[in-house]
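Reproduced below: start12.csv, with CSV, C-alpha atoms and all ligand atoms.
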```
chain,number,residue,atom,x,y,z
A,1,VAL,CA,67.3,-61.9,-70.0
A,2,ARG,CA,69.9,-61.8,-72.8
A,3,ILE,CA,68.3,-60.7,-76.1
A,4,ALA,CA,70.1,-60.9,-79.5
A,5,LEU,CA,68.9,-58.6,-82.2
A,6,VAL,CA,69.6,-60.2,-85.6
A,7,GLN,CA,69.3,-57.5,-88.3
A,8,ASN,CA,69.3,-59.0,-91.7
A,9,ASP,CA,69.2,-57.9,-95.3
A,10,PRO,CA,66.8,-60.5,-96.9
A,11,GLU,CA,66.9,-60.8,-100.7
A,12,PHE,CA,63.3,-60.9,-101.9
A,13,GLY,CA,62.1,-64.5,-102.5
A,14,ARG,CA,65.5,-66.2,-101.7
A,15,VAL,CA,64.0,-67.8,-98.6
A,16,ASP,CA,66.7,-70.6,-98.2
A,17,ASP,CA,69.6,-68.2,-98.6
A,18,ASN,CA,68.0,-65.7,-96.2
A,19,LEU,CA,67.4,-68.5,-93.6
A,20,ALA,CA,70.9,-69.7,-94.0
A,21,TRP,CA,72.3,-66.2,-93.2
A,22,ILE,CA,70.1,-66.0,-90.2
A,23,ARG,CA,71.2,-69.4,-88.9
A,24,ARG,CA,74.9,-68.8,-89.5
A,25,THR,CA,74.7,-65.4,-87.7
A,26,ALA,CA,72.6,-66.8,-84.8
A,27,LEU,CA,74.9,-69.8,-84.3
A,28,GLY,CA,77.8,-67.4,-83.8
A,29,LEU,CA,76.1,-65.7,-80.8
A,30,GLU,CA,77.1,-66.4,-77.2
A,31,GLY,CA,74.2,-67.9,-75.4
A,32,PRO,CA,71.3,-65.6,-75.9
A,33,ASP,CA,68.0,-66.5,-74.2
A,34,LEU,CA,66.0,-64.9,-77.0
A,35,ILE,CA,66.8,-64.1,-80.6
A,36,VAL,CA,64.7,-61.4,-82.3
A,37,LEU,CA,64.4,-61.1,-86.1
A,38,PRO,CA,62.8,-58.5,-88.3
A,39,GLU,CA,59.2,-58.6,-89.8
A,40,LEU,CA,58.9,-61.0,-92.8
A,41,CYS,CA,62.5,-61.9,-92.1
A,42,ALA,CA,62.9,-64.8,-94.7
A,43,THR,CA,60.8,-63.8,-97.6
A,44,GLY,CA,61.2,-60.1,-98.1
A,45,TYR,CA,58.6,-57.4,-97.8
A,46,LEU,CA,57.3,-55.9,-101.0
A,47,PHE,CA,54.9,-58.4,-102.5
A,48,ARG,CA,53.4,-57.2,-105.8
A,49,ASP,CA,50.0,-58.6,-105.1
A,50,ARG,CA,48.1,-61.4,-103.4
A,51,ARG,CA,49.2,-63.9,-106.1
A,52,GLU,CA,52.8,-63.4,-105.4
A,53,LEU,CA,52.3,-63.5,-101.7
A,54,ALA,CA,50.5,-66.8,-102.1
A,55,LYS,CA,53.8,-68.4,-103.3
A,56,TYR,CA,55.5,-67.5,-100.0
A,57,ALA,CA,52.8,-67.6,-97.3
A,58,GLU,CA,52.8,-70.7,-95.2
A,59,PRO,CA,50.7,-72.4,-92.6
A,60,LEU,CA,51.9,-72.1,-89.0
A,61,PRO,CA,53.6,-73.9,-87.4
A,62,ASP,CA,54.2,-76.4,-90.2
A,63,GLY,CA,55.5,-74.1,-92.9
A,64,PRO,CA,59.2,-74.1,-94.1
A,65,VAL,CA,60.2,-70.8,-92.5
A,66,CYS,CA,58.6,-71.6,-89.2
A,67,ARG,CA,60.2,-75.1,-89.1
A,68,ALA,CA,63.6,-73.6,-89.9
A,69,LEU,CA,63.3,-71.0,-87.1
A,70,GLY,CA,62.1,-73.7,-84.8
A,71,ARG,CA,65.2,-75.8,-85.6
A,72,LEU,CA,67.2,-72.7,-84.8
A,73,ALA,CA,65.5,-72.4,-81.4
A,74,ARG,CA,66.3,-76.0,-80.7
A,75,GLU,CA,70.0,-75.7,-81.9
A,76,THR,CA,70.7,-72.5,-79.9
A,77,GLY,CA,68.5,-73.3,-76.8
A,78,ALA,CA,67.1,-69.8,-77.3
A,79,HIS,CA,63.5,-68.7,-78.0
A,80,VAL,CA,63.2,-67.2,-81.4
A,81,CYS,CA,60.8,-64.4,-82.5
A,82,GLY,CA,60.5,-63.3,-86.1
A,83,GLY,CA,58.1,-62.3,-88.9
A,84,ILE,CA,56.6,-64.8,-91.3
A,85,ALA,CA,54.0,-64.5,-94.0
A,86,GLU,CA,51.1,-66.8,-92.8
A,87,ALA,CA,48.5,-68.5,-94.8
A,88,ALA,CA,45.4,-69.3,-92.7
A,89,GLU,CA,41.6,-69.1,-92.8
A,90,GLY,CA,41.8,-68.7,-96.6
A,91,VAL,CA,43.7,-65.4,-96.3
A,92,PHE,CA,47.2,-64.1,-95.5
A,93,PHE,CA,48.5,-62.6,-92.3
A,94,ASN,CA,51.6,-60.6,-91.7
A,95,SER,CA,52.5,-62.6,-88.6
A,96,ALA,CA,55.3,-63.0,-86.0
A,97,VAL,CA,56.0,-66.2,-84.2
A,98,LEU,CA,57.6,-66.8,-80.8
A,99,LEU,CA,59.2,-70.2,-80.8
A,100,SER,CA,60.6,-72.1,-77.8
A,101,PRO,CA,63.5,-74.6,-78.0
A,102,GLU,CA,61.0,-77.2,-76.9
A,103,GLY,CA,58.8,-76.7,-80.0
A,104,ASP,CA,56.0,-74.4,-78.7
A,105,CYS,CA,54.8,-71.8,-81.3
A,106,ARG,CA,52.9,-68.7,-80.4
A,107,VAL,CA,51.5,-66.5,-83.2
A,108,TYR,CA,50.8,-62.8,-83.4
A,109,ARG,CA,49.1,-61.4,-86.5
A,110,LYS,CA,49.9,-57.8,-87.3
A,111,VAL,CA,46.8,-55.8,-86.4
A,112,HIS,CA,47.6,-52.5,-88.1
A,113,LEU,CA,48.6,-53.0,-91.7
A,114,PHE,CA,50.8,-50.4,-93.5
A,115,ASP,CA,50.0,-48.9,-96.8
A,116,ARG,CA,50.0,-51.5,-99.6
A,117,GLU,CA,50.0,-54.4,-97.1
A,118,LYS,CA,46.3,-53.7,-96.9
A,119,THR,CA,45.9,-54.9,-100.5
A,120,TYR,CA,47.2,-58.4,-99.9
A,121,PHE,CA,47.3,-59.1,-96.1
A,122,HIS,CA,44.3,-59.5,-93.8
A,123,PRO,CA,44.3,-57.5,-90.6
A,124,GLY,CA,45.3,-59.5,-87.5
A,125,ASN,CA,42.5,-61.2,-85.6
A,126,LEU,CA,44.3,-62.6,-82.6
A,127,PRO,CA,44.6,-60.8,-79.3
A,128,PHE,CA,47.8,-59.0,-78.2
A,129,SER,CA,49.2,-61.6,-75.8
A,130,VAL,CA,52.0,-62.0,-73.3
A,131,ALA,CA,54.3,-65.0,-72.8
A,132,GLU,CA,56.8,-65.7,-70.0
A,133,VAL,CA,60.4,-66.6,-71.2
A,134,HIS,CA,63.3,-66.9,-68.7
A,135,GLY,CA,61.4,-64.9,-66.1
A,136,ALA,CA,60.6,-62.1,-68.6
A,137,ARG,CA,57.0,-61.4,-69.7
A,138,LEU,CA,57.2,-60.7,-73.5
A,139,GLY,CA,54.7,-59.1,-75.8
A,140,VAL,CA,54.9,-58.9,-79.6
A,141,MET,CA,53.8,-56.2,-82.0
A,142,ILE,CA,54.9,-55.7,-85.6
A,143,CYS,CA,56.3,-52.6,-87.3
A,144,PHE,CA,53.5,-50.1,-88.1
A,145,ASP,CA,51.7,-51.1,-84.9
A,146,TRP,CA,54.0,-48.5,-83.4
A,147,ILE,CA,52.0,-45.6,-84.6
A,148,PHE,CA,48.9,-46.8,-82.6
A,149,PRO,CA,49.8,-46.3,-79.0
A,150,GLU,CA,47.1,-48.8,-78.1
A,151,SER,CA,49.3,-51.7,-79.3
A,152,ALA,CA,52.1,-51.3,-76.8
A,153,ARG,CA,49.6,-50.0,-74.2
A,154,THR,CA,47.5,-53.2,-74.5
A,155,LEU,CA,50.6,-55.3,-74.1
A,156,ALA,CA,51.6,-53.3,-71.0
A,157,LEU,CA,48.1,-53.6,-69.5
A,158,ARG,CA,48.3,-57.4,-70.1
A,159,GLY,CA,51.6,-57.5,-68.2
A,160,ALA,CA,54.3,-57.3,-70.8
A,161,GLN,CA,57.7,-56.1,-69.5
A,162,VAL,CA,59.4,-56.3,-72.8
A,163,VAL,CA,57.8,-55.4,-76.1
A,164,LEU,CA,59.3,-57.3,-79.0
A,165,HIS,CA,59.0,-55.3,-82.3
A,166,PRO,CA,60.0,-57.1,-85.5
A,167,ALA,CA,60.0,-54.4,-88.2
A,168,ASN,CA,60.6,-53.4,-91.8
A,169,LEU,CA,60.4,-49.7,-91.0
A,170,VAL,CA,59.5,-47.2,-93.8
A,171,LEU,CA,58.7,-44.0,-91.9
A,172,PRO,CA,61.7,-42.5,-90.2
A,173,TYR,CA,60.0,-41.4,-86.9
A,174,ALA,CA,59.5,-44.9,-85.5
A,175,PHE,CA,63.0,-45.3,-84.0
A,176,ASP,CA,62.5,-42.3,-81.7
A,177,ALA,CA,58.7,-42.8,-81.3
A,178,MET,CA,59.5,-46.2,-79.7
A,179,ALA,CA,61.2,-44.3,-76.9
A,180,VAL,CA,57.8,-42.8,-76.1
A,181,ARG,CA,56.1,-46.2,-76.3
A,182,ALA,CA,58.7,-47.4,-73.7
A,183,LEU,CA,58.3,-44.4,-71.5
A,184,GLU,CA,54.5,-44.1,-71.5
A,185,ASN,CA,54.2,-47.8,-70.6
A,186,ARG,CA,57.4,-48.1,-68.5
A,187,VAL,CA,58.4,-51.2,-70.6
A,188,PHE,CA,61.5,-52.2,-72.5
A,189,THR,CA,61.1,-52.1,-76.3
A,190,VAL,CA,63.2,-54.1,-78.7
A,191,THR,CA,62.8,-52.9,-82.3
A,192,VAL,CA,64.6,-55.2,-84.8
A,193,ASN,CA,64.5,-53.6,-88.2
A,194,ARG,CA,65.7,-55.1,-91.5
A,195,THR,CA,68.3,-53.4,-93.7
A,196,GLY,CA,69.1,-53.3,-97.4
A,197,LYS,CA,67.3,-52.3,-100.6
A,198,GLU,CA,64.3,-54.1,-102.0
A,199,ARG,CA,62.4,-53.2,-105.2
A,200,GLY,CA,63.5,-49.6,-104.9
A,201,LEU,CA,62.7,-49.2,-101.2
A,202,VAL,CA,65.6,-48.7,-98.8
A,203,PHE,CA,65.5,-50.0,-95.2
A,204,ARG,CA,67.8,-48.5,-92.7
A,205,GLY,CA,68.6,-51.2,-90.0
A,206,LYS,CA,69.4,-49.1,-86.9
A,207,SER,CA,67.6,-51.6,-84.6
A,208,VAL,CA,67.1,-50.1,-81.2
A,209,VAL,CA,66.4,-51.1,-77.6
A,210,TRP,CA,64.8,-48.6,-75.2
A,211,SER,CA,64.5,-48.9,-71.4
A,212,PRO,CA,61.3,-48.1,-69.3
A,213,ALA,CA,62.9,-44.7,-68.7
A,214,ALA,CA,63.6,-44.1,-72.4
A,215,GLU,CA,67.3,-44.7,-72.1
A,216,ARG,CA,68.8,-46.0,-75.4
A,217,LEU,CA,70.3,-49.3,-74.3
A,218,LEU,CA,71.4,-50.4,-77.8
A,219,SER,CA,71.7,-48.7,-81.1
A,220,CYS,CA,72.7,-50.7,-84.1
A,221,PRO,CA,74.3,-49.5,-87.3
A,222,GLU,CA,72.8,-49.7,-90.8
A,223,GLU,CA,74.7,-52.9,-91.8
A,224,PRO,CA,73.5,-56.4,-91.3
A,225,GLY,CA,74.7,-58.1,-88.1
A,226,ALA,CA,73.8,-59.2,-84.6
A,227,TRP,CA,74.0,-57.4,-81.3
A,228,THR,CA,73.1,-58.6,-77.8
A,229,VAL,CA,71.7,-56.7,-74.9
A,230,GLU,CA,71.0,-57.8,-71.3
A,231,LEU,CA,67.8,-56.6,-69.6
A,232,ASP,CA,66.5,-56.8,-66.1
A,233,PRO,CA,62.8,-57.2,-66.9
A,234,GLY,CA,61.8,-56.4,-63.3
A,235,ARG,CA,62.6,-52.7,-64.0
A,236,ALA,CA,59.4,-52.6,-66.0
A,237,ASP,CA,57.4,-53.4,-62.9
A,238,ASP,CA,58.0,-49.9,-61.6
A,239,LYS,CA,55.2,-47.9,-63.3
A,240,MET,CA,55.8,-44.7,-61.4
A,241,ALA,CA,56.5,-41.7,-63.7
A,242,THR,CA,56.7,-39.5,-60.5
A,243,GLU,CA,56.2,-40.3,-56.9
A,244,ARG,CA,52.5,-39.9,-57.4
A,245,ASN,CA,51.9,-41.0,-61.0
A,246,HIS,CA,51.4,-44.6,-62.0
A,247,VAL,CA,51.3,-44.7,-65.8
A,248,LEU,CA,48.7,-47.4,-65.9
A,249,GLU,CA,46.5,-46.8,-62.9
A,250,ASP,CA,46.3,-43.0,-63.4
A,251,ARG,CA,44.7,-43.4,-66.8
A,252,ARG,CA,41.2,-42.0,-67.2
A,253,PRO,CA,39.4,-44.3,-69.7
A,254,ASP,CA,36.1,-42.7,-68.7
A,255,MET,CA,37.4,-39.6,-70.4
A,256,TYR,CA,38.7,-41.2,-73.5
A,257,SER,CA,35.6,-42.4,-75.5
A,258,SER,CA,35.1,-40.4,-78.7
A,301,LIG,C1,55.7,-51.5,-91.9
A,301,LIG,O1,54.7,-51.7,-91.1
A,301,LIG,N1,56.4,-52.5,-92.3
A,301,LIG,C2,56.1,-50.2,-92.3
```
So that I can check it, write out the structure of this file as structure tokens.
Amino acid sequence: VRIALVQNDPEFGRVDDNLAWIRRTALGLEGPDLIVLPELCATGYLFRDRRELAKYAEPLPDGPVCRALGRLARETGAHVCGGIAEAAEGVFFNSAVLLSPEGDCRVYRKVHLFDREKTYFHPGNLPFSVAEVHGARLGVMICFDWIFPESARTLALRGAQVVLHPANLVLPYAFDAMAVRALENRVFTVTVNRTGKERGLVFRGKSVVWSPAAERLLSCPEEPGAWTVELDPGRADDKMATERNHVLEDRRPDMYSS
């Protein structure tokens, strides 16, 4: 499966301009099967409060950002995964969609909210789920979900071979921590991180792809741009850490309850 990482520098609130940059960049790519974008890729990240977020959050799949990304999927023939501020159930979710060229929309709502996100987003209430795309089983988690090993583990237990990880990373450890998420689950991880400065906070890009053996398959610079990687998802079906150690079957959940 050919995966394009599109690492953008969204300007807060300039949704149309941000979407135009994404579209221009994605249309220049050579035939990816899947395009992955950062968390909250079109709106920006640092909302002041719930009132400001309300101006940008949208219903899925009929909101403007989702429709634009759906159009991009149709135009490129690729699936598109990216972060969108979602309005639903009278609250707001920090969500990511997985859109097919045929118009299907799957939604994941960020389960583990980071810092001030807790003051305006509602924690995700949909299960971690897996979707098959071009023969690859894909799972989605968002940014700070990385610090809870249960996120990637749950996706791996549900059959994910590739964990897609749209992000607006703030803590510096995540890039390398994702190597451990890949290794401990024997999955590929695809972290797509935004870049640029927003309201005094600096994001570093440096999107990264890890193999099930924690090999760094792609390492992006800090600048905005797009990079493509080809993965053999079947590699993630080998769960053996040694000849005698299966990373999922050797778990001892009976020993884990607190
Ligand atoms: C984060 O979860 N966006 C740090």
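In this comparison, which uses only C-alpha atoms and all ligand atoms, the residue of A:Cys41, A:Val36, A:Ala179, A:Ala73 approaching ligand LIG 301 (chain A) most closely is A:Cys41.
If one restricts the calculation to only C-alpha atoms and all ligand atoms, the set of residues situated within 7 Å of ligand LIG 301 (chain A) consists of Leu113, Phe114, Ile142, Cys143, Phe144, Asp145, Ala167, Asn168, Leu169, Val170 and Leu171 of chain A.
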Find the spatial neighbours of Asp16 of chain A, counting all atoms listed in the file, within a cut-off of 10 Å - ignore same-chain residues fewer than 5 positions away - and output them as a PyMOL selection string. chain A and resi 21-22+42-43+64-65+68
In Å to one decimal, how far is atom CA of Cys105 of chain A from atom CA of Leu5 of chain A? 19.3 Å
Set the distance at 10 Å and use all atoms listed in the file: which residues neighbour Glu58 of chain A once local chain neighbours fewer than 6 positions away are removed? I'd like the list as a PyMOL selection string. chain A and resi 64-66+84-88+92-93
Show me the residues around (50.5, -56.6, -95.2) - criterion: an atom at most 9 Å away, only C-alpha atoms counted - as JSON, numbers by chain. {"A": [45, 46, 47, 85, 92, 93, 94, 110, 112, 113, 114, 115, 116, 117, 118, 119, 120, 121, 122, 123]}
Store the residues picked out above in a file with C-alpha atoms, as a PDB file, in the frame of the given file.
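The new file selection_0.pdb reads:
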```pdb
ATOM      1  CA  TYR A  45      58.600 -57.400 -97.800  1.00  0.00           C
ATOM      2  CA  LEU A  46      57.300 -55.900-101.000  1.00  0.00           C
ATOM      3  CA  PHE A  47      54.900 -58.400-102.500  1.00  0.00           C
ATOM      4  CA  ALA A  85      54.000 -64.500 -94.000  1.00  0.00           C
ATOM      5  CA  PHE A  92      47.200 -64.100 -95.500  1.00  0.00           C
ATOM      6  CA  PHE A  93      48.500 -62.600 -92.300  1.00  0.00           C
ATOM      7  CA  ASN A  94      51.600 -60.600 -91.700  1.00  0.00           C
ATOM      8  CA  LYS A 110      49.900 -57.800 -87.300  1.00  0.00           C
ATOM      9  CA  HIS A 112      47.600 -52.500 -88.100  1.00  0.00           C
ATOM     10  CA  LEU A 113      48.600 -53.000 -91.700  1.00  0.00           C
ATOM     11  CA  PHE A 114      50.800 -50.400 -93.500  1.00  0.00           C
ATOM     12  CA  ASP A 115      50.000 -48.900 -96.800  1.00  0.00           C
ATOM     13  CA  ARG A 116      50.000 -51.500 -99.600  1.00  0.00           C
ATOM     14  CA  GLU A 117      50.000 -54.400 -97.100  1.00  0.00           C
ATOM     15  CA  LYS A 118      46.300 -53.700 -96.900  1.00  0.00           C
ATOM     16  CA  THR A 119      45.900 -54.900-100.500  1.00  0.00           C
ATOM     17  CA  TYR A 120      47.200 -58.400 -99.900  1.00  0.00           C
ATOM     18  CA  PHE A 121      47.300 -59.100 -96.100  1.00  0.00           C
ATOM     19  CA  HIS A 122      44.300 -59.500 -93.800  1.00  0.00           C
ATOM     20  CA  PRO A 123      44.300 -57.500 -90.600  1.00  0.00           C
TER      21      PRO A 123
END
```
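For the atom pair formed by atom CA of Ser211 of chain A and atom CA of Arg24 of chain A, the distance is 28.8 Å, given to one decimal.
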Give me, as a Markdown table, the closest atom pair and its distance (Å, one decimal) for every residue of segment 8-91 of chain A within a cut-off of 6 Å of segment 186-201 of chain A, counting all atoms listed in the file, rows sorted by chain and rising number.
```
| residue | atom | partner | partner_atom | distance |
| --- | --- | --- | --- | --- |
| A:Asn8 | CA | A:Arg194 | CA | 5.3 |
| A:Asp9 | CA | A:Thr195 | CA | 4.9 |
| A:Pro38 | CA | A:Val192 | CA | 5.1 |
```
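Interatomic distance, atom CA of Val15 of chain A to atom CA of Asn125 of chain A: 26.0 Å.
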Excluding Val97 of chain A and its own-chain neighbours fewer than 5 positions away, which residues fall within 12 Å of it when counting all atoms listed in the file? Please give them as a ChimeraX atom specification. /A:35-41,59-63,65-67,69-70,73,79-86,103-110,129,131,139-142,164-166
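The neighbours of Asn185 of chain A here are the residues that come within 8 Å of it, using only C-alpha atoms and leaving out any residue fewer than 4 positions away in the same chain; they are Ala152, Arg153, Ala156, Arg181, Pro212, Lys239, Val247 and Leu248 of chain A.
Proximity of A:Pro233, A:Leu138, A:Val133, A:Gly13 to Leu53 of chain A, computed with only C-alpha atoms, is greatest for A:Gly13.
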